[in-house]
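input.cif (mmCIF, C-alpha atoms) appears below.
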```cif
data_input
#
loop_
_atom_site.label_atom_id
_atom_site.label_comp_id
_atom_site.auth_asym_id
_atom_site.auth_seq_id
_atom_site.Cartn_x
_atom_site.Cartn_y
_atom_site.Cartn_z
CA MET A 1060 285.43 89.35 99.99
CA MET A 1061 283.50 86.54 98.23
CA LEU A 1062 286.43 84.14 98.67
CA GLU A 1063 286.69 85.02 102.36
CA THR A 1064 282.95 84.45 102.86
CA LEU A 1065 283.11 81.04 101.14
CA LEU A 1066 286.09 80.00 103.24
CA ILE A 1067 284.33 81.00 106.45
CA ALA A 1068 281.19 79.13 105.43
CA THR A 1069 283.29 76.05 104.64
CA LEU A 1070 284.91 76.22 108.08
CA LEU A 1071 281.53 76.46 109.78
CA VAL A 1072 280.16 73.45 107.91
CA SER A 1073 283.29 71.46 108.69
CA LEU A 1074 282.72 71.79 112.41
CA THR A 1075 279.83 69.34 112.22
CA GLN A 1076 281.87 66.76 110.31
CA SER A 1077 284.95 64.67 110.91
CA LEU A 1078 287.80 67.02 110.09
CA ASN A 1079 290.77 66.20 107.87
CA PRO A 1080 293.67 67.99 109.57
CA ARG A 1081 295.79 68.60 106.45
CA ALA A 1082 292.86 69.89 104.40
CA GLU A 1083 291.64 72.09 107.23
CA PHE A 1084 295.15 73.44 107.82
CA THR A 1085 295.39 74.41 104.14
CA LYS A 1086 292.06 76.27 104.39
CA PHE A 1087 293.19 77.89 107.63
CA LYS A 1088 296.42 79.21 106.09
CA VAL A 1089 294.54 80.74 103.15
CA SER A 1090 291.70 82.19 105.24
CA HIS A 1091 293.98 83.84 107.78
CA VAL A 1092 296.91 84.61 105.43
CA LYS A 1093 299.34 82.54 107.48
CA GLN A 1094 302.98 82.37 106.44
CA TYR A 1095 305.71 80.54 108.31
CA ALA A 1096 309.45 81.12 108.38
CA SER A 1097 310.38 77.54 107.46
CA SER A 1098 308.93 74.14 106.66
CA LYS A 1099 309.98 73.02 110.15
CA GLU A 1100 307.95 75.79 111.79
CA GLU A 1101 305.00 75.00 109.52
CA GLU A 1102 305.06 71.38 110.64
CA ILE A 1103 305.14 72.48 114.29
CA ARG A 1104 302.13 74.72 113.62
CA PHE A 1105 300.33 71.89 111.84
CA ASN A 1106 300.80 69.57 114.82
CA ILE A 1107 299.39 72.18 117.21
CA PHE A 1108 296.56 72.88 114.76
CA SER A 1109 295.71 69.16 114.63
CA LYS A 1110 295.50 68.94 118.42
CA ASN A 1111 293.23 71.99 118.47
CA LEU A 1112 290.99 70.38 115.83
CA GLU A 1113 290.59 67.35 118.08
CA LYS A 1114 289.74 69.67 120.96
CA ILE A 1115 287.18 71.49 118.81
CA GLU A 1116 285.46 68.28 117.67
CA ARG A 1117 285.35 66.87 121.19
CA HIS A 1118 283.98 70.09 122.70
CA ASN A 1119 281.31 70.59 120.03
CA SER A 1120 280.07 67.01 120.45
CA GLU A 1121 279.43 67.48 124.18
CA GLY A 1122 276.44 69.84 124.00
CA HIS A 1123 277.91 72.98 125.57
CA SER A 1124 276.27 76.42 125.44
CA TRP A 1125 279.17 77.74 123.34
CA ARG A 1126 281.02 76.54 120.28
CA MET A 1127 284.67 76.17 119.43
CA GLY A 1128 285.95 76.72 115.93
CA VAL A 1129 288.95 77.35 113.71
CA THR A 1130 289.85 80.91 114.66
CA LYS A 1131 293.02 82.75 113.67
CA PHE A 1132 294.61 81.41 116.88
CA ALA A 1133 294.17 77.72 115.96
CA ASP A 1134 297.89 77.21 115.22
CA LEU A 1135 298.91 78.33 118.72
CA SER A 1136 299.18 76.31 121.91
CA LYS A 1137 297.26 77.67 124.88
CA GLU A 1138 300.52 78.81 126.47
CA GLU A 1139 301.55 80.71 123.33
CA PHE A 1140 298.10 82.24 122.98
CA VAL A 1141 298.05 83.46 126.58
CA SER A 1142 301.58 84.89 126.48
CA THR A 1143 300.96 86.77 123.22
CA TYR A 1144 297.30 87.79 123.20
CA ALA A 1145 296.02 87.50 126.77
CA SER A 1146 298.81 89.06 128.78
CA GLY A 1147 298.22 92.79 128.58
CA LEU A 1148 296.57 93.26 131.95
CA ARG A 1149 298.41 92.70 135.17
CA GLY A 1150 296.98 94.81 137.89
CA PRO A 1151 293.92 96.48 139.46
CA MET A 1152 293.91 99.99 140.88
CA MET A 1153 292.33 100.87 144.19
CA PRO A 1154 288.56 101.27 143.85
CA ARG A 1155 286.59 104.40 144.60
CA ALA A 1156 283.16 104.52 146.19
CA ASN A 1157 280.18 103.70 144.00
CA LEU A 1158 276.64 102.43 144.32
CA SER A 1159 276.62 98.86 145.64
CA GLY A 1160 274.31 96.07 144.55
CA SER A 1161 272.58 96.11 147.93
CA ASP A 1162 270.81 99.31 146.81
CA ILE A 1163 269.62 97.79 143.51
CA ARG A 1164 266.77 95.44 142.66
CA MET A 1165 267.01 93.12 139.66
CA GLU A 1166 263.37 93.75 138.76
CA ASP A 1167 264.09 97.46 138.30
CA LEU A 1168 266.70 96.80 135.61
CA PRO A 1169 265.98 96.34 131.90
CA ALA A 1170 266.04 92.78 130.57
CA SER A 1171 268.81 93.60 128.10
CA VAL A 1172 271.36 96.32 127.34
CA ASP A 1173 273.49 96.78 124.23
CA TRP A 1174 275.31 100.11 123.90
CA ARG A 1175 275.93 99.49 120.20
CA LYS A 1176 272.27 100.36 119.66
CA GLN A 1177 272.89 103.83 121.11
CA GLY A 1178 275.60 104.57 118.57
CA VAL A 1179 278.41 104.90 121.09
CA ILE A 1180 280.49 101.82 120.20
CA ASN A 1181 282.99 101.73 117.32
CA SER A 1182 283.78 98.70 115.21
CA VAL A 1183 286.02 95.95 116.56
CA ARG A 1184 289.74 96.57 116.32
CA ASP A 1185 292.75 94.25 116.53
CA GLN A 1186 295.54 94.74 119.07
CA GLY A 1187 297.74 92.29 117.17
CA MET A 1188 300.85 90.85 118.78
CA CYS A 1189 301.01 93.44 121.55
CA GLY A 1190 299.68 93.39 125.11
CA SER A 1191 297.82 96.64 124.59
CA CYS A 1192 294.34 95.35 125.43
CA TRP A 1193 294.21 97.86 128.32
CA ALA A 1194 294.66 100.74 125.85
CA PHE A 1195 291.94 99.44 123.52
CA ALA A 1196 289.51 98.94 126.40
CA ALA A 1197 290.23 102.43 127.75
CA ALA A 1198 289.97 104.05 124.32
CA GLY A 1199 286.65 102.30 123.72
CA ALA A 1200 285.31 103.50 127.06
CA MET A 1201 286.41 107.10 126.46
CA GLU A 1202 284.90 107.08 122.97
CA ALA A 1203 281.59 105.91 124.39
CA TYR A 1204 281.42 108.36 127.31
CA ALA A 1205 282.43 111.31 125.13
CA ARG A 1206 279.49 110.57 122.82
CA ILE A 1207 277.12 109.90 125.74
CA SER A 1208 278.04 113.31 127.13
CA ASP A 1209 277.11 115.00 123.82
CA MET A 1210 274.92 112.92 121.51
CA ASP A 1211 274.90 115.74 118.95
CA ARG A 1212 278.55 115.02 118.18
CA ASP A 1213 279.88 112.23 115.98
CA LEU A 1214 281.42 109.15 117.55
CA LEU A 1215 285.20 109.49 117.36
CA GLU A 1216 287.73 106.69 117.03
CA LEU A 1217 290.43 107.44 119.59
CA SER A 1218 294.03 106.31 119.33
CA PRO A 1219 295.09 103.23 121.30
CA GLN A 1220 298.60 103.89 120.03
CA HIS A 1221 298.68 107.26 121.78
CA LEU A 1222 297.79 105.54 125.05
CA THR A 1223 300.08 102.54 124.47
CA SER A 1224 303.14 104.64 123.68
CA CYS A 1225 302.64 107.63 125.97
CA THR A 1226 300.98 106.42 129.20
CA PRO A 1227 303.61 106.18 131.98
CA ASN A 1228 303.56 103.20 134.33
CA PRO A 1229 306.20 103.91 137.02
CA LEU A 1230 304.72 101.51 139.59
CA LYS A 1231 304.46 98.68 137.05
CA CYS A 1232 300.71 98.23 137.50
CA GLY A 1233 299.54 95.72 134.95
CA GLY A 1234 303.03 95.09 133.65
CA THR A 1235 305.76 97.48 132.61
CA GLY A 1236 303.68 99.52 130.19
CA GLY A 1237 303.04 99.62 126.46
CA CYS A 1238 302.88 96.17 124.88
CA MET A 1239 304.03 94.64 128.15
CA GLY A 1240 300.76 95.46 129.90
CA ALA A 1241 299.07 98.08 132.03
CA VAL A 1242 295.55 98.89 133.30
CA PRO A 1243 292.78 101.15 131.91
CA PRO A 1244 292.81 103.56 134.91
CA LEU A 1245 296.35 104.58 133.96
CA ALA A 1246 295.05 105.52 130.50
CA TYR A 1247 292.18 107.52 132.04
CA THR A 1248 294.63 109.34 134.29
CA TYR A 1249 296.90 110.16 131.35
CA ALA A 1250 293.88 111.45 129.40
CA SER A 1251 292.92 113.69 132.31
CA LEU A 1252 296.31 115.40 132.07
CA PHE A 1253 297.11 115.35 128.37
CA GLY A 1254 294.00 114.15 126.51
CA VAL A 1255 293.80 111.70 123.60
CA VAL A 1256 294.04 112.21 119.85
CA THR A 1257 292.17 110.26 117.18
CA GLU A 1258 293.23 107.07 115.41
CA GLU A 1259 293.74 109.06 112.20
CA GLU A 1260 296.14 111.42 113.95
CA TYR A 1261 298.15 108.66 115.67
CA PRO A 1262 297.55 105.32 113.88
CA TYR A 1263 298.04 101.98 115.62
CA THR A 1264 301.26 100.16 114.71
CA SER A 1265 302.28 98.24 117.83
CA GLY A 1266 300.48 95.05 116.77
CA ASP A 1267 302.63 94.63 113.66
CA PRO A 1268 303.59 90.91 113.54
CA TRP A 1269 306.88 91.80 111.81
CA GLY A 1270 308.04 93.94 114.72
CA GLN A 1271 307.76 97.29 112.96
CA GLY A 1272 305.53 98.86 115.60
CA ASP A 1273 306.96 101.14 118.28
CA ASP A 1274 305.41 101.21 121.74
CA GLU A 1275 308.40 102.70 123.59
CA ASN A 1276 308.69 106.17 122.05
CA CYS A 1277 305.83 108.63 122.50
CA MET A 1278 305.38 110.53 119.24
CA PHE A 1279 302.67 112.86 120.57
CA ASP A 1280 303.60 116.55 120.69
CA ALA A 1281 301.02 118.60 122.61
CA THR A 1282 302.35 121.82 121.06
CA GLU A 1283 301.52 120.65 117.56
CA THR A 1284 298.51 118.33 117.83
CA PRO A 1285 295.41 119.41 119.76
CA VAL A 1286 293.66 116.51 121.48
CA SER A 1287 290.05 115.51 120.80
CA VAL A 1288 288.93 114.09 124.17
CA MET A 1289 289.89 114.58 127.81
CA THR A 1290 288.69 113.04 131.08
CA MET A 1291 288.50 114.24 134.68
CA GLY A 1292 289.69 110.91 136.07
CA TRP A 1293 288.13 107.53 136.68
CA GLU A 1294 286.15 105.37 139.07
CA THR A 1295 285.69 101.67 139.69
CA LEU A 1296 282.61 99.70 140.67
CA PRO A 1297 282.46 97.66 143.88
CA HIS A 1298 284.44 94.49 143.27
CA ASN A 1299 282.49 91.30 142.53
CA ASP A 1300 279.13 93.10 142.61
CA MET A 1301 276.90 91.79 139.81
CA LEU A 1302 273.93 94.09 140.42
CA ALA A 1303 276.13 97.19 140.58
CA THR A 1304 277.64 96.13 137.26
CA MET A 1305 274.25 95.60 135.63
CA ASN A 1306 272.94 98.89 137.01
CA HIS A 1307 275.88 100.82 135.62
CA LEU A 1308 275.49 99.21 132.21
CA ALA A 1309 271.77 99.97 132.22
CA ASN A 1310 272.00 103.59 133.34
CA MET A 1311 275.45 105.03 132.66
CA GLY A 1312 277.51 103.28 130.01
CA PRO A 1313 280.07 100.56 129.17
CA LEU A 1314 282.87 99.39 131.44
CA ALA A 1315 286.50 98.45 130.95
CA THR A 1316 286.59 94.98 132.45
CA SER A 1317 289.32 92.60 133.64
CA VAL A 1318 288.84 88.96 132.62
CA ALA A 1319 290.57 85.61 132.47
CA ALA A 1320 290.75 85.06 128.70
CA GLY A 1321 293.20 82.18 128.51
CA ASP A 1322 290.52 79.77 127.23
CA TRP A 1323 288.96 82.13 124.70
CA GLY A 1324 291.24 81.41 121.76
CA LEU A 1325 288.94 78.96 119.94
CA TYR A 1326 285.63 80.61 120.89
CA PHE A 1327 283.31 80.51 117.88
CA GLY A 1328 279.95 81.66 119.23
CA GLY A 1329 277.31 80.89 121.87
CA VAL A 1330 277.37 81.74 125.57
CA PHE A 1331 280.85 80.95 126.91
CA ASP A 1332 281.08 79.05 130.19
CA GLY A 1333 284.57 77.61 129.93
CA CYS A 1334 286.41 79.08 132.94
CA ASP A 1335 287.02 76.51 135.70
CA TYR A 1336 286.36 77.94 139.18
CA ASP A 1337 288.30 75.11 140.83
CA GLU A 1338 291.49 76.18 139.08
CA ASN A 1339 293.46 79.41 139.08
CA ILE A 1340 291.37 82.14 137.43
CA ALA A 1341 294.25 84.07 135.88
CA VAL A 1342 292.86 87.52 135.08
CA ASN A 1343 295.04 88.61 132.17
CA HIS A 1344 293.02 90.62 129.65
CA ALA A 1345 291.10 93.90 129.45
CA VAL A 1346 287.94 94.21 127.36
CA LEU A 1347 284.93 96.51 126.98
CA LEU A 1348 281.76 95.26 128.68
CA ILE A 1349 278.92 96.86 126.68
CA GLY A 1350 275.78 95.13 127.92
CA TYR A 1351 273.92 92.01 128.91
CA GLY A 1352 270.96 89.97 127.71
CA THR A 1353 269.42 86.52 127.34
CA ASP A 1354 269.88 84.02 124.54
CA PRO A 1355 266.70 81.94 123.92
CA SER A 1356 268.73 78.73 123.81
CA ASP A 1357 271.82 79.33 125.90
CA GLY A 1358 270.53 81.60 128.66
CA ASP A 1359 271.70 84.85 130.27
CA TYR A 1360 274.94 86.47 129.20
CA TRP A 1361 277.31 89.44 129.48
CA LEU A 1362 278.14 91.10 126.14
CA ILE A 1363 281.81 91.92 125.61
CA LYS A 1364 283.65 93.73 122.83
CA ASN A 1365 287.12 92.24 122.41
CA SER A 1366 290.21 93.58 120.64
CA TRP A 1367 291.25 90.55 118.57
CA GLY A 1368 289.66 91.65 115.30
CA ASP A 1369 286.45 90.49 113.61
CA MET A 1370 287.86 87.16 112.39
CA TRP A 1371 287.39 85.78 115.90
CA GLY A 1372 284.14 85.00 117.72
CA ASP A 1373 280.78 84.49 116.02
CA ILE A 1374 282.21 85.66 112.70
CA MET A 1375 279.08 85.19 110.58
CA THR A 1376 276.94 87.57 112.65
CA GLU A 1377 276.93 91.11 114.04
CA ASP A 1378 278.77 89.66 117.04
CA ALA A 1379 282.01 89.04 115.11
CA GLY A 1380 284.78 90.12 117.46
CA TYR A 1381 282.48 89.88 120.50
CA ILE A 1382 281.99 87.21 123.16
CA LYS A 1383 279.00 86.39 125.34
CA LEU A 1384 279.89 85.17 128.85
CA LYS A 1385 277.51 83.17 131.03
CA ARG A 1386 275.61 85.41 133.47
CA ARG A 1387 274.19 83.60 136.50
CA SER A 1388 271.64 84.95 138.96
CA GLU A 1389 274.20 84.21 141.67
CA PRO A 1390 277.72 84.64 140.26
CA MET A 1391 280.16 81.82 140.90
CA CYS A 1392 283.48 82.85 142.41
CA GLY A 1393 287.03 81.58 142.50
CA THR A 1394 290.57 82.69 143.20
CA ASN A 1395 293.23 84.28 141.06
CA THR A 1396 296.37 82.75 142.58
CA SER A 1397 298.77 84.35 140.10
CA PRO A 1398 297.94 88.05 140.44
CA LEU A 1399 301.35 89.16 139.17
CA ASP A 1400 300.44 87.47 135.89
CA GLY A 1401 296.96 88.86 135.93
CA ALA A 1402 295.84 91.20 138.69
CA ALA A 1403 298.45 92.95 140.84
CA CYS A 1404 300.96 95.78 140.76
CA GLN A 1405 304.53 94.61 141.10
CA ASP A 1406 305.16 95.85 144.64
CA GLY A 1407 301.57 95.69 145.86
CA GLY A 1408 302.05 92.65 148.09
CA VAL A 1409 298.97 90.90 146.67
CA GLU A 1410 299.27 87.12 146.60
CA SER A 1411 295.72 86.15 145.61
CA VAL A 1412 292.49 87.86 144.55
CA HIS A 1413 288.88 86.74 145.02
CA VAL A 1414 287.09 87.05 141.66
CA CYS A 1415 283.45 86.44 140.69
CA GLY A 1416 281.43 86.02 137.53
CA THR A 1417 282.36 83.94 134.49
CA CYS A 1418 286.10 84.42 133.93
CA GLY A 1419 286.03 87.05 136.71
CA VAL A 1420 283.89 89.46 134.68
CA VAL A 1421 282.41 91.31 137.69
CA SER A 1422 285.63 91.45 139.70
CA ASP A 1423 287.29 94.59 138.39
CA ASN A 1424 285.38 97.18 136.35
CA SER A 1425 286.37 100.79 135.72
CA TYR A 1426 285.19 103.76 133.68
CA PRO A 1427 286.33 107.32 132.93
CA ILE A 1428 284.50 110.29 134.46
CA GLY A 1429 284.00 113.80 133.11
CA VAL A 1430 284.78 112.75 129.54
CA HIS A 1431 284.35 115.62 127.09
CA TYR A 1432 285.22 116.75 123.60
CA THR A 1433 287.88 119.45 123.39
CA LYS A 1434 287.47 120.56 119.79
#
```
Can I see the file as structure tokens?
Amino acid sequence: MMLETLLIATLLVSLTQSLNPRAEFTKFKVSHVKQYASSKEEEIRFNIFSKNLEKIERHNSEGHSWRMGVTKFADLSKEEFVSTYASGLRGPMMPRANLSGSDIRMEDLPASVDWRKQGVINSVRDQGMCGSCWAFAAAGAMEAYARISDMDRDLLELSPQHLTSCTPNPLKCGGTGGCMGAVPPLAYTYASLFGVVTEEEYPYTSGDPWGQGDDENCMFDATETPVSVMTMGWETLPHNDMLATMNHLANMGPLATSVAAGDWGLYFGGVFDGCDYDENIAVNHAVLLIGYGTDPSDGDYWLIKNSWGDMWGDIMTEDAGYIKLKRRSEPMCGTNTSPLDGAACQDGGVESVHVCGTCGVVSDNSYPIGVHYTK
């Protein structure tokens, strides 16, 4: 633990200096326990790492509201990062009615919300090399709402593996299922029929980098293992409605949220504002939106729990594994022109989607209803 802390501190200090690529790559390999199959692959990774270092130095010298740094993804190109870690969400479900922002006044909402303070959010987990972000977001939401429904009970850690391996996806919403992507509402629907067991009862293995995980065979037997939590279904918020999103966070609970995370790989803290509204906003990742607030230096933000582990993000603070997205009084909007890669069911006929908020954060938000403990 001491060695890890020293390495992290060294990386942070190095961000303010001119970086030596070879030396930094050596530190990176030790800090993140990186091993490569051959010297040729290692040299390829070093070249990508060097380009990312240049990108980090350039970005951090330009005075942005967020910082880049040497995260565990620093040896990946953007294309590799997106295809491996930001490709587990490929489709919205049809929304249900909910309170719209036209019925809400900003002045009636609290200045900040953080559901961690209510004891309903578990520690950050790591989906690994599997597009199971949708299962982690759904599990996190169900954990939270189960506890909110009965604060006398302990917060459970539900099994993303149960959802990843057992949730059917016949219409190919969000991908083809399992590690190939799906959407949180499918997980809520599955939980309404069969329930969800705990992480201890069905541990997560699908993110194994050596390919030992199994996301295709459901190992859950309802006759032998009683579930811990069930739902009665799910709802979505009005699309692209910032005030409805804030109101829900303030008064009901967290939200499973669809975002464009392709530029998040090197995020190292601050309030992220790196999604370009003039380009395709490829919504490709599911996360848990747990609140909002205001940074004294960098302004208003949305607070998001990610599923890339706690060695990503602002790793020296309580926000390790989290990201803060810029929250504007009037959300900026753009277009997702590749919905089959980020926001459409395979046969849905959707060619483009209008998305608002930084990285589309207020475009597609869902939550489970009637969540309850069963034992």
#### Entry: Sphere at (299.3, 86.5, 126.2), radius 9 Å, counting all atoms listed in the file: residues as a list in words
Glu1138, Glu1139, Phe1140, Val1141, Ser1142, Thr1143, Tyr1144, Ala1145, Ser1146, Gly1147, Met1188, Cys1189, Gly1190, Gly1321, Asn1343 and His1344 of chain A
### Message
Please return as an MDAnalysis selection string every residue within 10 Å of (270.7, 81.9, 124.2), taking into account all atoms listed in the file and the file's own coordinates.
### Response
chainID A and resid 1124:1125 1329:1330 1352:1360 1383 1385
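Straight-line separation from atom CA of A:Gly1234 to atom CA of A:Asp1274: 13.6 Å.
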### Task
Apply the PyMOL selection byres ((chain A and resi 1173-1182) around 8) to the file shown and report the selected residues as a list in words.
Ser1171, Val1172, Val1183, Arg1184, Gly1199, Glu1202, Ala1203, Tyr1204, Arg1206, Ile1207, Leu1214, Glu1216, Gly1312, Pro1313, Ile1349, Gly1350, Tyr1351 and Leu1362 of chain A
### Reference answer for the PyMOL selection byres ((chain A and resi 1368-1377) around 8), as a ChimeraX atom specification
/A:1067,1130-1131,1183-1186,1326-1329,1365-1367,1378-1382
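Minimum atom-to-atom distances from A:Lys1137, A:Lys1114, A:His1123, A:Lys1088 to A:Gly1324 were compared using all atoms listed in the file, and the lowest value belongs to A:Lys1137.
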### Task
For the file shown, report as an MDAnalysis selection string the outcome of the PyMOL selection byres ((chain A and resi 1111) around 9) at residue level.
chainID A and resid 1106:1110 1112:1116 1129 1133:1136 1325
Go ahead and write the selection's residues with C-alpha atoms as a compact mmCIF listing (two decimals), in the frame of the given file.
```txt
# COMPACT_ATOMS: atom_id res chain seq x y z
CA ASN A 1106 300.80 69.57 114.82
CA ILE A 1107 299.39 72.18 117.21
CA PHE A 1108 296.56 72.88 114.76
CA SER A 1109 295.71 69.16 114.63
CA LYS A 1110 295.50 68.94 118.42
CA LEU A 1112 290.99 70.38 115.83
CA GLU A 1113 290.59 67.35 118.08
CA LYS A 1114 289.74 69.67 120.96
CA ILE A 1115 287.18 71.49 118.81
CA GLU A 1116 285.46 68.28 117.67
CA VAL A 1129 288.95 77.35 113.71
CA ALA A 1133 294.17 77.72 115.96
CA ASP A 1134 297.89 77.21 115.22
CA LEU A 1135 298.91 78.33 118.72
CA SER A 1136 299.18 76.31 121.91
CA LEU A 1325 288.94 78.96 119.94
```
### Task
For stretch 1422-1433 of chain A, please output as a PyMOL selection string all residues within 8 Å (counting all atoms listed in the file; exclusion window: fewer than 2 positions along the same chain).
chain A and resi 1151+1197+1200-1201+1204-1205+1208-1209+1243-1244+1247+1286-1300+1304+1313-1317+1413-1416+1419-1420
### Task
Point out the residue among A:Arg1104, A:Arg1386, A:Lys1093, A:Lys1099 with the least atom-to-atom distance to A:Arg1081, counting only C-alpha atoms.
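Going through A:Arg1104, A:Arg1386, A:Lys1093, A:Lys1099 one by one, the smallest distance to A:Arg1081 is for A:Arg1104.
Each of A:Cys1277, A:Val1256, A:Ala1082, A:Met1311 was checked against A:Cys1225 using only C-alpha atoms; the smallest atom-to-atom distance is that of A:Cys1277.
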### Residue among A:Val1092, A:Ala1196, A:Ile1363, A:Leu1302 lying closest to A:Phe1331, counting only C-alpha atoms
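Checking each candidate against A:Phe1331, we get A:Ile1363 as the closest.
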### One-decimal distance in Å that lies between atom CA of A:Cys1418 and atom CA of A:Pro1390
10.5 Å
### Task
Point out the residue among A:Phe1253, A:Trp1193, A:Tyr1336, A:Trp1361 with the least atom-to-atom distance to A:Gly1236, counting all atoms listed in the file.
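The shortest atom-to-atom distance to A:Gly1236 comes from A:Trp1193.
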### Point-to-point distance from atom CA of A:Cys1192 to atom CA of A:Ala1345, Å rounded to tenths
5.4 Å
### Task
Quick one: everything within 7 Å of A:Ser1411, counting only C-alpha atoms, minus sequence neighbours fewer than 3 positions away in the same chain. Send it as a list in words.
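Residues meeting the cut-off are Thr1394, Asn1395, Thr1396, Ser1397 and Pro1398 of chain A.
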Supply stretch 1085-1100 of chain A as a PDB file, keeping the file's coordinate frame, with N, CA and C atoms built in where the input has gaps.
```
ATOM      1  N   THR A1085     295.239  73.676 105.401  1.00  0.00           N
ATOM      2  CA  THR A1085     295.390  74.410 104.140  1.00  0.00           C
ATOM      3  C   THR A1085     294.360  75.531 104.052  1.00  0.00           C
ATOM      4  N   LYS A1086     293.107  75.238 104.386  1.00  0.00           N
ATOM      5  CA  LYS A1086     292.060  76.270 104.390  1.00  0.00           C
ATOM      6  C   LYS A1086     292.381  77.370 105.391  1.00  0.00           C
ATOM      7  N   PHE A1087     292.851  76.943 106.552  1.00  0.00           N
ATOM      8  CA  PHE A1087     293.190  77.890 107.630  1.00  0.00           C
ATOM      9  C   PHE A1087     294.269  78.861 107.170  1.00  0.00           C
ATOM     10  N   LYS A1088     295.314  78.360 106.531  1.00  0.00           N
ATOM     11  CA  LYS A1088     296.420  79.210 106.090  1.00  0.00           C
ATOM     12  C   LYS A1088     295.946  80.240 105.067  1.00  0.00           C
ATOM     13  N   VAL A1089     295.054  79.825 104.160  1.00  0.00           N
ATOM     14  CA  VAL A1089     294.540  80.740 103.150  1.00  0.00           C
ATOM     15  C   VAL A1089     293.614  81.778 103.784  1.00  0.00           C
ATOM     16  N   SER A1090     292.699  81.313 104.633  1.00  0.00           N
ATOM     17  CA  SER A1090     291.700  82.190 105.240  1.00  0.00           C
ATOM     18  C   SER A1090     292.326  83.269 106.092  1.00  0.00           C
ATOM     19  N   HIS A1091     293.383  82.904 106.833  1.00  0.00           N
ATOM     20  CA  HIS A1091     293.980  83.840 107.780  1.00  0.00           C
ATOM     21  C   HIS A1091     295.356  84.350 107.316  1.00  0.00           C
ATOM     22  N   VAL A1092     295.670  84.105 106.049  1.00  0.00           N
ATOM     23  CA  VAL A1092     296.910  84.610 105.430  1.00  0.00           C
ATOM     24  C   VAL A1092     298.115  84.271 106.311  1.00  0.00           C
ATOM     25  N   LYS A1093     298.243  82.995 106.618  1.00  0.00           N
ATOM     26  CA  LYS A1093     299.340  82.540 107.480  1.00  0.00           C
ATOM     27  C   LYS A1093     300.562  82.190 106.638  1.00  0.00           C
ATOM     28  N   GLN A1094     301.704  82.691 107.055  1.00  0.00           N
ATOM     29  CA  GLN A1094     302.980  82.370 106.440  1.00  0.00           C
ATOM     30  C   GLN A1094     303.974  82.023 107.539  1.00  0.00           C
ATOM     31  N   TYR A1095     304.773  80.990 107.299  1.00  0.00           N
ATOM     32  CA  TYR A1095     305.710  80.540 108.310  1.00  0.00           C
ATOM     33  C   TYR A1095     307.147  80.668 107.801  1.00  0.00           C
ATOM     34  N   ALA A1096     308.063  80.822 108.727  1.00  0.00           N
ATOM     35  CA  ALA A1096     309.450  81.120 108.380  1.00  0.00           C
ATOM     36  C   ALA A1096     310.163  79.946 107.717  1.00  0.00           C
ATOM     37  N   SER A1097     309.723  78.726 108.012  1.00  0.00           N
ATOM     38  CA  SER A1097     310.380  77.540 107.460  1.00  0.00           C
ATOM     39  C   SER A1097     309.407  76.378 107.435  1.00  0.00           C
ATOM     40  N   SER A1098     309.776  75.339 106.710  1.00  0.00           N
ATOM     41  CA  SER A1098     308.930  74.140 106.660  1.00  0.00           C
ATOM     42  C   SER A1098     308.887  73.465 108.033  1.00  0.00           C
ATOM     43  N   LYS A1099     309.962  73.594 108.803  1.00  0.00           N
ATOM     44  CA  LYS A1099     309.980  73.020 110.150  1.00  0.00           C
ATOM     45  C   LYS A1099     308.966  73.717 111.041  1.00  0.00           C
ATOM     46  N   GLU A1100     308.935  75.063 110.988  1.00  0.00           N
ATOM     47  CA  GLU A1100     307.950  75.790 111.790  1.00  0.00           C
ATOM     48  C   GLU A1100     306.537  75.460 111.334  1.00  0.00           C
TER      49      GLU A1100
END
```
